[in-house]
file final_9.txt (compact mmCIF, C-alpha atoms)
# COMPACT_ATOMS: atom_id res chain seq x y z
CA GLN A 15 37.89 81.70 102.18
CA VAL A 16 35.61 79.28 103.98
CA GLN A 17 32.77 77.21 102.58
CA LEU A 18 30.09 75.98 104.94
CA VAL A 19 27.65 73.23 104.04
CA GLU A 20 24.65 72.56 106.27
CA SER A 21 22.64 69.36 106.38
CA GLY A 22 20.11 67.63 108.58
CA GLY A 23 17.06 69.82 108.17
CA GLY A 24 13.63 68.44 107.47
CA LEU A 25 10.08 68.02 108.68
CA VAL A 26 9.45 66.87 112.23
CA GLN A 27 6.47 66.79 114.57
CA ALA A 28 6.34 69.01 117.62
CA GLY A 29 8.25 67.44 120.48
CA GLY A 30 10.64 65.70 118.13
CA SER A 31 14.36 66.13 117.55
CA LEU A 32 16.71 66.95 114.71
CA ARG A 33 20.46 67.33 114.46
CA LEU A 34 21.91 69.84 112.05
CA SER A 35 25.46 69.57 110.78
CA CYS A 36 27.72 72.23 109.32
CA ALA A 37 30.85 71.06 107.55
CA ALA A 38 33.59 73.63 107.03
CA SER A 39 36.03 73.52 104.14
CA ARG A 40 39.02 74.02 106.41
CA SER A 41 40.11 73.17 109.91
CA PHE A 42 38.83 75.16 112.86
CA PHE A 43 42.30 76.53 113.53
CA ARG A 44 42.00 80.33 113.38
CA PHE A 45 38.20 80.22 113.67
CA ASN A 46 37.16 82.70 116.35
CA ALA A 47 33.67 81.28 116.64
CA MET A 48 30.98 79.31 114.86
CA GLY A 49 27.27 79.55 115.27
CA TRP A 50 23.79 78.82 114.08
CA TYR A 51 21.24 81.46 113.14
CA ARG A 52 17.71 81.12 111.88
CA GLN A 53 15.27 83.18 109.90
CA ALA A 54 11.54 82.61 109.79
CA PRO A 55 9.35 84.16 107.06
CA GLY A 56 8.80 87.85 107.71
CA LYS A 57 11.25 87.91 110.62
CA GLN A 58 14.82 89.01 111.12
CA ARG A 59 17.65 86.53 111.30
CA GLU A 60 18.36 85.66 114.91
CA LEU A 61 21.08 83.93 116.85
CA VAL A 62 20.29 80.37 117.87
CA ALA A 63 23.61 79.26 119.33
CA SER A 64 27.29 80.08 119.12
CA LEU A 65 30.51 78.41 120.16
CA THR A 66 33.82 80.22 120.51
CA SER A 67 37.22 78.72 119.87
CA GLY A 68 37.67 78.64 123.63
CA GLY A 69 34.56 76.54 124.08
CA ILE A 70 32.20 79.22 125.37
CA THR A 71 28.60 78.72 124.28
CA ASN A 72 25.79 81.21 123.96
CA TYR A 73 22.14 80.45 123.22
CA GLY A 74 19.12 82.43 122.21
CA ASP A 75 16.58 82.69 125.02
CA SER A 76 13.95 80.75 123.12
CA VAL A 77 16.13 77.66 122.70
CA LYS A 78 17.96 77.47 126.02
CA GLY A 79 17.63 74.06 127.57
CA ARG A 80 16.43 72.50 124.32
CA PHE A 81 19.26 73.03 121.81
CA THR A 82 22.93 72.16 122.14
CA ILE A 83 25.80 73.30 119.95
CA SER A 84 28.94 71.20 119.68
CA ARG A 85 31.85 70.60 117.34
CA ASP A 86 34.06 67.81 116.10
CA ASN A 87 37.46 69.29 115.30
CA ALA A 88 38.61 66.16 113.51
CA LYS A 89 35.70 66.45 111.07
CA ASN A 90 35.67 70.28 110.84
CA THR A 91 31.99 70.04 111.68
CA VAL A 92 29.68 71.90 114.01
CA TYR A 93 26.41 70.39 115.17
CA LEU A 94 23.16 71.72 116.51
CA GLN A 95 21.16 69.17 118.45
CA MET A 96 17.56 70.33 118.65
CA ASN A 97 15.21 68.63 121.09
CA SER A 98 11.62 69.31 122.14
CA LEU A 99 11.02 71.14 118.90
CA LYS A 100 8.12 73.56 118.67
CA PRO A 101 6.25 74.93 115.65
CA GLU A 102 7.83 78.32 116.35
CA ASP A 103 11.25 76.77 115.67
CA THR A 104 10.26 76.54 112.00
CA ALA A 105 12.80 78.52 109.98
CA VAL A 106 15.75 78.33 107.66
CA TYR A 107 18.80 77.59 109.76
CA TYR A 108 22.14 79.05 108.72
CA CYS A 109 25.62 78.13 109.80
CA ASN A 110 27.99 81.01 110.46
CA ALA A 111 31.74 81.14 110.92
CA ASP A 112 33.95 83.95 112.16
CA PHE A 113 37.24 83.15 110.49
CA THR A 114 40.05 85.62 111.21
CA GLY A 115 37.47 88.36 111.71
CA ASN A 116 35.52 87.69 108.52
CA ASN A 117 31.98 86.29 108.55
CA TYR A 118 30.95 83.38 106.35
CA TRP A 119 27.52 81.84 105.87
CA GLY A 120 26.20 78.54 104.63
CA GLN A 121 23.33 78.23 102.21
CA GLY A 122 20.81 77.34 104.90
CA THR A 123 18.71 74.30 105.68
CA GLN A 124 14.97 74.30 106.22
CA VAL A 125 13.52 73.05 109.49
CA THR A 126 9.76 72.66 109.65
CA VAL A 127 8.01 71.63 112.86
CA SER A 128 4.39 70.57 112.52
CA SER A 129 1.91 70.88 115.34
call {"tool": "encode", "arguments": {"input": "final_9.txt", "output": "structure tokens"}}
result
Amino acid sequence: QVQLVESGGGLVQAGGSLRLSCAASRSFFRFNAMGWYRQAPGKQRELVASLTSGGITNYGDSVKGRFTISRDNAKNTVYLQMNSLKPEDTAVYYCNADFTGNNYWGQGTQVTVSS
């Protein structure tokens, strides 16, 4: 079992930055990958960024060049640095972990970008 707790969401003006954090309840050993997804009202959940245990990153097309995923193994925490935010980035952001082939989700954190 893995618990994931997100933090760092909030309200920001367009062009601003936020950093989301996702703290896992256990070490990243045996985690295949971790990632961030988001879901806007009336839309499907979509991949924002992912990071494999080998350090390979993948980003959604709409956030490439603006968002960066990283991790701190000592703190069992994954981060999502979001720069140059746009109103269309408004969504609930969810942390995801692939732990030994099982998927786990956090409770989500709201990000609202005002124009």
call {"tool": "atom_distance", "arguments": {"input": "final_9.txt", "atom1": "CA of Leu18 in chain A", "atom2": "CA of Lys57 in chain A"}}
result
23.0 Å
call {"tool": "closest_residue", "arguments": {"input": "final_9.txt", "among": "A:Gln53, A:Asn46, A:Thr66, A:Thr114", "to": "Thr126 in chain A", "atoms": "only C-alpha atoms"}}
result
A:Gln53
call {"tool": "closest_residue", "arguments": {"input": "final_9.txt", "among": "A:Val127, A:Ala37, A:Tyr107, A:Tyr118", "to": "Lys89 in chain A", "atoms": "only C-alpha atoms"}}
result
A:Ala37
call {"tool": "closest_residue", "arguments": {"input": "final_9.txt", "among": "A:Cys36, A:Val77, A:Val125, A:Val106", "to": "Tyr51 in chain A", "atoms": "all atoms listed in the file"}}
result
A:Val106
call {"tool": "residues_around", "arguments": {"input": "final_9.txt", "residues": "Val16 in chain A", "least_positions_apart": "5", "cutoff": "9 Å", "atoms": "all atoms listed in the file", "output": "short mmCIF file (atom, residue, chain, number, x, y, z; two decimals) with C-alpha atoms, in the coordinates of the input"}}
result
data_model
loop_
_atom_site.label_atom_id
_atom_site.label_comp_id
_atom_site.auth_asym_id
_atom_site.auth_seq_id
_atom_site.Cartn_x
_atom_site.Cartn_y
_atom_site.Cartn_z
CA ALA A 38 33.59 73.63 107.03
CA SER A 39 36.03 73.52 104.14
CA ARG A 40 39.02 74.02 106.41
CA ALA A 111 31.74 81.14 110.92
CA PHE A 113 37.24 83.15 110.49
CA TYR A 118 30.95 83.38 106.35
CA TRP A 119 27.52 81.84 105.87
#
call {"tool": "build_atoms", "arguments": {"input": "final_9.txt", "residues": "range 16-27 of chain A", "atoms": "all heavy atoms", "output": "mmCIF file, in the frame of the given file"}}
result
data_model
loop_
_atom_site.group_PDB
_atom_site.id
_atom_site.type_symbol
_atom_site.label_atom_id
_atom_site.label_comp_id
_atom_site.auth_asym_id
_atom_site.auth_seq_id
_atom_site.Cartn_x
_atom_site.Cartn_y
_atom_site.Cartn_z
ATOM 1 N N VAL A 16 36.184 80.424 103.276
ATOM 2 C CA VAL A 16 35.610 79.280 103.980
ATOM 3 C C VAL A 16 34.275 78.944 103.325
ATOM 4 O O VAL A 16 33.443 79.822 103.111
ATOM 5 C CB VAL A 16 35.379 79.589 105.465
ATOM 6 C CG1 VAL A 16 34.711 78.411 106.158
ATOM 7 C CG2 VAL A 16 36.704 79.935 106.143
ATOM 8 N N GLN A 17 34.076 77.687 103.021
ATOM 9 C CA GLN A 17 32.770 77.210 102.580
ATOM 10 C C GLN A 17 32.118 76.426 103.706
ATOM 11 O O GLN A 17 32.790 75.628 104.379
ATOM 12 C CB GLN A 17 32.887 76.326 101.336
ATOM 13 C CG GLN A 17 33.129 77.091 100.040
ATOM 14 C CD GLN A 17 34.545 77.595 99.915
ATOM 15 O OE1 GLN A 17 35.491 76.860 100.118
ATOM 16 N NE2 GLN A 17 34.703 78.865 99.580
ATOM 17 N N LEU A 18 30.850 76.656 103.886
ATOM 18 C CA LEU A 18 30.090 75.980 104.940
ATOM 19 C C LEU A 18 28.909 75.268 104.294
ATOM 20 O O LEU A 18 28.166 75.872 103.516
ATOM 21 C CB LEU A 18 29.579 76.989 105.964
ATOM 22 C CG LEU A 18 30.624 77.856 106.648
ATOM 23 C CD1 LEU A 18 29.957 78.945 107.479
ATOM 24 C CD2 LEU A 18 31.548 77.019 107.518
ATOM 25 N N VAL A 19 28.734 74.010 104.620
ATOM 26 C CA VAL A 19 27.650 73.230 104.040
ATOM 27 C C VAL A 19 26.816 72.634 105.170
ATOM 28 O O VAL A 19 27.317 71.819 105.955
ATOM 29 C CB VAL A 19 28.174 72.112 103.138
ATOM 30 C CG1 VAL A 19 27.012 71.295 102.568
ATOM 31 C CG2 VAL A 19 29.016 72.696 102.003
ATOM 32 N N GLU A 20 25.556 73.065 105.237
ATOM 33 C CA GLU A 20 24.650 72.560 106.270
ATOM 34 C C GLU A 20 23.899 71.326 105.761
ATOM 35 O O GLU A 20 23.666 71.178 104.564
ATOM 36 C CB GLU A 20 23.613 73.611 106.677
ATOM 37 C CG GLU A 20 24.172 74.899 107.213
ATOM 38 C CD GLU A 20 24.084 76.024 106.226
ATOM 39 O OE1 GLU A 20 24.087 75.728 105.006
ATOM 40 O OE2 GLU A 20 24.012 77.195 106.634
ATOM 41 N N SER A 21 23.492 70.504 106.691
ATOM 42 C CA SER A 21 22.640 69.360 106.380
ATOM 43 C C SER A 21 21.866 68.984 107.632
ATOM 44 O O SER A 21 22.183 69.446 108.732
ATOM 45 C CB SER A 21 23.476 68.176 105.894
ATOM 46 O OG SER A 21 24.392 67.772 106.881
ATOM 47 N N GLY A 22 20.848 68.149 107.443
ATOM 48 C CA GLY A 22 20.110 67.630 108.580
ATOM 49 C C GLY A 22 18.735 68.235 108.796
ATOM 50 O O GLY A 22 18.004 67.805 109.695
ATOM 51 N N GLY A 23 18.382 69.232 108.013
ATOM 52 C CA GLY A 23 17.060 69.820 108.170
ATOM 53 C C GLY A 23 15.979 68.872 107.672
ATOM 54 O O GLY A 23 16.257 67.827 107.093
ATOM 55 N N GLY A 24 14.733 69.264 107.933
ATOM 56 C CA GLY A 24 13.630 68.440 107.470
ATOM 57 C C GLY A 24 12.349 68.767 108.194
ATOM 58 O O GLY A 24 12.235 69.807 108.851
ATOM 59 N N LEU A 25 11.398 67.867 108.060
ATOM 60 C CA LEU A 25 10.080 68.020 108.680
ATOM 61 C C LEU A 25 9.990 67.100 109.888
ATOM 62 O O LEU A 25 10.317 65.909 109.788
ATOM 63 C CB LEU A 25 8.987 67.676 107.672
ATOM 64 C CG LEU A 25 7.547 67.637 108.182
ATOM 65 C CD1 LEU A 25 7.107 69.012 108.650
ATOM 66 C CD2 LEU A 25 6.626 67.108 107.084
ATOM 67 N N VAL A 26 9.560 67.651 111.003
ATOM 68 C CA VAL A 26 9.450 66.870 112.230
ATOM 69 C C VAL A 26 8.206 67.327 112.991
ATOM 70 O O VAL A 26 7.794 68.485 112.869
ATOM 71 C CB VAL A 26 10.721 67.022 113.092
ATOM 72 C CG1 VAL A 26 10.888 68.454 113.563
ATOM 73 C CG2 VAL A 26 10.717 66.053 114.256
ATOM 74 N N GLN A 27 7.626 66.429 113.752
ATOM 75 C CA GLN A 27 6.470 66.790 114.570
ATOM 76 C C GLN A 27 6.928 67.513 115.836
ATOM 77 O O GLN A 27 8.057 67.310 116.309
ATOM 78 C CB GLN A 27 5.675 65.545 114.944
ATOM 79 C CG GLN A 27 4.898 64.940 113.781
ATOM 80 C CD GLN A 27 3.968 63.844 114.235
ATOM 81 O OE1 GLN A 27 4.217 63.158 115.235
ATOM 82 N NE2 GLN A 27 2.883 63.646 113.503
#
